[in-house]
Each structure stands twice: as structure tokens, then as C-alpha cells.
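Undergrad: What follows is my_file.cif; its format and atoms are mmCIF, C-alpha atoms.
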data_work
loop_
_atom_site.label_atom_id
_atom_site.label_comp_id
_atom_site.auth_asym_id
_atom_site.auth_seq_id
_atom_site.Cartn_x
_atom_site.Cartn_y
_atom_site.Cartn_z
CA MET A 1 114.93 140.06 76.64
CA LEU A 2 115.15 137.11 79.02
CA ASP A 3 117.15 134.09 77.94
CA SER A 4 115.33 130.75 77.63
CA SER A 5 116.11 129.50 81.15
CA GLN A 6 115.06 132.80 82.78
CA LEU A 7 111.91 132.95 80.66
CA ARG A 8 111.03 129.35 81.55
CA LYS A 9 111.64 130.01 85.25
CA THR A 10 109.59 133.25 85.25
CA LEU A 11 106.57 131.79 83.44
CA LEU A 12 106.57 128.57 85.46
CA ALA A 13 106.63 130.60 88.68
CA GLU A 14 103.67 132.59 87.35
CA ARG A 15 101.83 129.40 86.36
CA ASN A 16 102.52 127.89 89.79
CA ARG A 17 100.71 130.85 91.39
CA LEU A 18 97.41 129.82 89.78
CA THR A 19 94.94 128.36 92.27
CA SER A 20 93.64 124.84 91.75
CA GLU A 21 90.25 126.39 90.87
CA GLU A 22 91.83 128.64 88.23
CA ILE A 23 93.71 125.67 86.76
CA ALA A 24 90.50 123.62 86.65
CA ASP A 25 88.43 126.40 85.06
CA LYS A 26 91.04 127.37 82.47
CA SER A 27 91.76 123.70 81.67
CA MET A 28 88.06 123.02 81.09
CA ALA A 29 87.85 125.99 78.68
CA ILE A 30 90.88 124.60 76.81
CA GLN A 31 89.37 121.11 76.72
CA GLN A 32 86.09 122.42 75.28
CA LYS A 33 87.96 124.20 72.46
CA LEU A 34 90.07 121.13 71.82
CA LEU A 35 87.15 118.70 71.64
CA ALA A 36 85.55 120.79 68.90
CA MET A 37 88.67 120.74 66.67
CA LYS A 38 88.96 118.56 63.58
CA GLU A 39 92.49 117.56 64.66
CA ILE A 40 90.81 115.74 67.55
CA LEU A 41 87.46 114.76 66.04
CA ASP A 42 88.91 113.33 62.81
CA CYS A 43 91.74 111.30 64.30
CA ASN A 44 91.76 107.86 65.88
CA SER A 45 95.00 107.91 67.88
CA ILE A 46 95.90 110.73 70.25
CA PHE A 47 99.06 111.03 72.33
CA VAL A 48 98.20 112.96 75.52
CA TYR A 49 100.56 114.00 78.29
CA VAL A 50 99.36 113.15 81.79
CA SER A 51 99.14 116.47 83.62
CA PHE A 52 101.18 117.19 86.70
CA ARG A 53 101.27 120.08 89.17
CA SER A 54 100.20 123.36 87.50
CA GLU A 55 100.11 122.11 83.88
CA VAL A 56 96.92 122.40 81.84
CA ALA A 57 94.93 119.53 83.34
CA THR A 58 94.42 116.50 81.07
CA LEU A 59 93.04 113.82 83.40
CA HIS A 60 89.38 114.54 82.57
CA LEU A 61 90.34 114.97 78.90
CA ILE A 62 91.97 111.51 78.85
CA ASP A 63 88.77 109.98 80.25
CA THR A 64 86.65 111.87 77.70
CA LEU A 65 88.82 110.77 74.75
CA ILE A 66 88.67 107.14 75.90
CA ASP A 67 84.87 107.46 76.21
CA MET A 68 84.80 108.85 72.63
CA GLY A 69 86.44 105.64 71.42
CA LYS A 70 89.82 107.20 70.64
CA MET A 71 93.03 105.22 71.01
CA VAL A 72 94.61 107.20 73.84
CA VAL A 73 98.37 106.95 74.11
CA VAL A 74 100.36 108.42 77.01
CA PRO A 75 104.10 108.80 77.57
CA ILE A 76 106.42 106.84 79.77
CA THR A 77 109.77 108.50 80.35
CA ARG A 78 112.83 106.30 79.90
CA VAL A 79 115.35 108.40 81.80
CA GLN A 80 118.40 106.20 81.17
CA ALA A 81 117.74 106.13 77.43
CA LYS A 82 116.67 109.83 77.41
CA ARG A 83 113.49 109.05 75.49
CA MET A 84 109.74 108.71 75.84
CA ASP A 85 107.76 105.69 74.72
CA ALA A 86 104.08 105.86 73.75
CA ILE A 87 101.77 103.44 75.61
CA HIS A 88 98.10 102.76 74.82
CA ILE A 89 95.81 102.94 77.87
CA THR A 90 92.12 102.10 78.18
CA SER A 91 91.51 103.29 81.75
CA ARG A 92 93.28 106.11 83.55
CA SER A 93 92.29 104.78 86.97
CA THR A 94 93.68 101.26 86.47
CA ASP A 95 96.47 101.76 83.91
CA LEU A 96 98.50 104.56 85.53
CA GLN A 97 100.77 104.73 88.58
CA PRO A 98 103.29 107.30 89.88
CA GLY A 99 106.43 107.29 87.69
CA TYR A 100 109.24 109.65 86.68
CA CYS A 101 109.16 112.75 88.96
CA ASN A 102 106.00 111.22 90.47
CA ILE A 103 104.11 111.94 87.21
CA PRO A 104 101.41 109.31 86.54
CA GLU A 105 102.72 106.85 83.94
CA PRO A 106 101.54 103.53 82.51
CA LYS A 107 102.24 100.44 84.60
CA GLU A 108 105.31 98.51 83.52
CA GLU A 109 103.31 95.43 82.42
CA LEU A 110 101.34 97.66 80.01
CA CYS A 111 104.58 99.07 78.64
CA ARG A 112 105.60 95.55 77.61
CA THR A 113 102.36 94.86 75.71
CA ASN A 114 100.82 98.20 74.67
CA GLU A 115 103.63 100.23 73.13
CA VAL A 116 102.42 102.10 70.05
CA PRO A 117 104.84 102.82 67.19
CA ALA A 118 105.32 106.57 66.82
CA ASP A 119 104.18 106.55 63.19
CA GLN A 120 100.71 105.33 64.25
CA ILE A 121 100.06 108.49 66.27
CA GLU A 122 97.92 111.07 64.47
CA THR A 123 97.74 113.89 67.02
CA ILE A 124 100.04 114.84 69.90
CA LEU A 125 99.01 117.05 72.84
CA LEU A 126 102.05 118.59 74.51
CA PRO A 127 102.73 120.39 77.76
CA GLY A 128 105.36 123.09 78.06
CA SER A 129 106.65 126.02 80.04
CA VAL A 130 106.68 128.74 77.35
CA PHE A 131 104.85 129.04 74.01
CA ASP A 132 104.95 131.78 71.40
CA GLU A 133 102.88 133.29 68.61
CA ARG A 134 104.71 131.15 65.98
CA GLY A 135 103.90 127.85 67.64
CA GLY A 136 107.28 127.81 69.35
CA ARG A 137 107.52 125.79 72.56
CA PHE A 138 109.90 125.33 75.45
CA GLY A 139 109.47 122.23 77.55
CA TYR A 140 111.12 121.81 80.90
CA GLY A 141 114.68 121.42 79.68
CA GLY A 142 114.98 117.65 79.25
CA GLY A 143 114.33 117.57 75.49
CA TYR A 144 112.10 114.48 75.75
CA TYR A 145 109.25 115.90 73.66
CA ASP A 146 111.56 117.47 71.06
CA ARG A 147 113.22 114.08 70.51
CA PHE A 148 109.84 112.35 70.40
CA LEU A 149 108.45 114.82 67.84
CA THR A 150 111.26 114.03 65.40
CA LYS A 151 109.87 110.45 65.25
CA VAL A 152 106.35 111.62 64.31
CA PRO A 153 106.82 114.34 61.68
CA THR A 154 103.32 113.94 60.20
CA ALA A 155 101.29 114.02 63.45
CA ALA A 156 99.37 117.20 64.31
CA ARG A 157 101.21 118.92 67.18
CA ILE A 158 99.05 120.81 69.64
CA GLY A 159 100.40 122.61 72.68
CA LEU A 160 98.11 123.16 75.66
CA ALA A 161 98.88 126.35 77.57
CA PHE A 162 97.41 129.05 79.73
CA ASP A 163 97.38 132.58 78.28
CA LEU A 164 100.05 133.61 80.79
CA GLN A 165 102.50 131.17 79.11
CA ILE A 166 102.32 132.88 75.71
CA VAL A 167 105.04 135.32 74.64
CA PRO A 168 105.34 137.08 71.25
CA LYS A 169 108.60 135.35 70.28
CA ALA A 170 110.56 132.87 72.40
CA PRO A 171 114.34 132.55 71.87
CA LEU A 172 114.12 129.12 70.22
CA GLN A 173 117.12 126.90 69.58
CA PRO A 174 117.57 124.91 66.35
CA HIS A 175 116.41 121.69 68.10
CA ASP A 176 113.17 123.29 69.38
CA GLU A 177 110.26 121.86 67.40
CA LEU A 178 107.43 124.14 66.22
CA LEU A 179 103.79 123.23 66.83
CA ASP A 180 100.79 123.38 64.50
CA LEU A 181 98.50 124.84 67.16
CA VAL A 182 98.60 126.19 70.68
CA VAL A 183 95.27 126.13 72.53
CA THR A 184 94.74 128.44 75.51
CA GLU A 185 91.65 129.28 77.54
CA SER A 186 90.92 132.28 75.30
CA ARG A 187 92.29 131.49 71.84
CA VAL A 188 93.85 129.12 69.33
CA ILE A 189 97.23 130.10 67.89
CA ARG A 190 98.10 128.67 64.47
CA GLY A 191 101.80 127.82 64.29
CA ILE A 192 104.05 128.31 61.27
CA ARG A 193 105.43 124.78 61.09
#
Would you give me this structure, written as C-alpha cells?
TA:
Amino acid sequence: MLDSSQLRKTLLAERNRLTSEEIADKSMAIQQKLLAMKEILDCNSIFVYVSFRSEVATLHLIDTLIDMGKMVVVPITRVQAKRMDAIHITSRSTDLQPGYCNIPEPKEELCRTNEVPADQIETILLPGSVFDERGGRFGYGGGYYDRFLTKVPTAARIGLAFDLQIVPKAPLQPHDELLDLVVTESRVIRGIR
């Protein structure tokens, strides 16, 4: 069995081989499943990662959730403090700019006025490199999401992944947080959290 860093590297390399059309098609299938779920329909505040490179695309999803009247909250990475803050946005096109690792993040002036306390977030949509059949998740090695999740123990945790990122059982560490659901283009996995 591969260790966590080899597994992460292998699956990310596989994900990076997807064409932009495959990413778009698979992401749209995931979005359609997601938008029919009670964890999305019944909540008011949703924390959504802003997709980057070969991740499940969320840019159209962010626009759709804003159009649905949801309070959409996105992360800003505070590298020095090794944490993420949650910032409310109302327009992806005007509220985001390139940030940490060139990932779109909220503009600094928004971060001063629109920070949302973690306990006000009802649902969290997470990216990752590896997911498993238990709702296990590996991020990218920085631990930002694992630390953030400890602040929002009651929020529904939903990982967005392509089928190729799912393994039967990932070698999780004690600090790795389990998810409630993992949504792929072909199925919804219920976690054991």
C-alpha cells in the first residue's frame, strides 16, 4: 500500500491528466448532484473553496449559490498564521483576486469587513487530493482545512472529488478529519463521521 504522500502524488498526477473538457463535464455532474441535496438546499451559509488547476470546478457553483440567495463564504489563506479565514462574497467577478499560490481569494478590503465567524457556517465544501469510502480526506499537505474543520464541528462537511480520487481506505492520521459526504460525478459516498 502506498503511504499518504505517494498516494497523494499519484492521484494528483492522475487528476492533472484530465482535460479541461473532462474537468468541466465531471464538475457539472457533481454540481447537479450537489444542488439537489438537502445539505445545500436547506442551509443559508455555505463555505465553498475557489477551484484551482485540476480541482473539481466551483466557479460556476459559486455564482449559482449566490443567485440562489445563499450566503457564500470563501477561504483566504493566512500563511504566516497557518490558518484560513472565511470571507462572505456577493460577486465572484468583483470580490476575488489572485492570492496564495495564485488561487483566487477575497480582496483584502473585504477581509476586513466580511469575515464570517466559523460557527455561522452550516455547510462546508472541501477540495482534496485523496478521498476514501469512509469519508476520509487528504488535502494537499498544509493542514489548513483540517484546522478549519475543528472550528466548525457542527457544519455538514462535503468533499468534492472525481471518481479517480476515491480509494477504499486511505492511511489517515489522527488529525485527518472525516467528512459527512463525498460527491463525485457518479455517486455520493456517506462518511462515517
Undergrad: Give me the residues within 6 Å of region 38-46 of chain A as a CSV table (one decimal) with C-alpha atoms, in the frame of the given file, counting all atoms listed in the file and dropping any in the same chain fewer than 4 places off.
TA:
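After the write, selection07.csv holds the following:
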chain,number,residue,atom,x,y,z
A,70,LYS,CA,89.8,107.2,70.6
A,71,MET,CA,93.0,105.2,71.0
A,72,VAL,CA,94.6,107.2,73.8
A,73,VAL,CA,98.4,107.0,74.1
A,121,ILE,CA,100.1,108.5,66.3
A,122,GLU,CA,97.9,111.1,64.5
A,123,THR,CA,97.7,113.9,67.0
A,124,ILE,CA,100.0,114.8,69.9
Undergrad: Need to verify the contact set: Ser54 (chain A), 10 Å, only C-alpha atoms, exclusion of same-chain residues closer than 5 positions in sequence. Can you return it as a list in words?
TA: Leu12, Ala13, Glu14, Arg15, Asn16, Arg17, Leu18, Thr19, Ser20, Glu22, Ile23 and Ala24 of chain A
Undergrad: By how many Å are CA of Glu115 (chain A) and CA of Phe52 (chain A) apart?
TA: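 We find that CA of Glu115 (chain A) and CA of Phe52 (chain A) lie 21.9 Å from each other.
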Undergrad: Which one is closest to Ile30 (chain A): A:Ala155, A:His60, A:Phe47, A:Leu96? Count all atoms listed in the file.
TA: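 Closest residue, counting all atoms listed in the file: A:His60.
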Undergrad: Fewer than 5 positions away in the same chain doesn't count, so skip those; otherwise give me all residues within 9 Å of Gln31 (chain A), counting all atoms listed in the file, as a list in words.
TA: Lys26, Ala36, Ala57, Thr58, His60, Leu61, Val183 and Glu185 of chain A
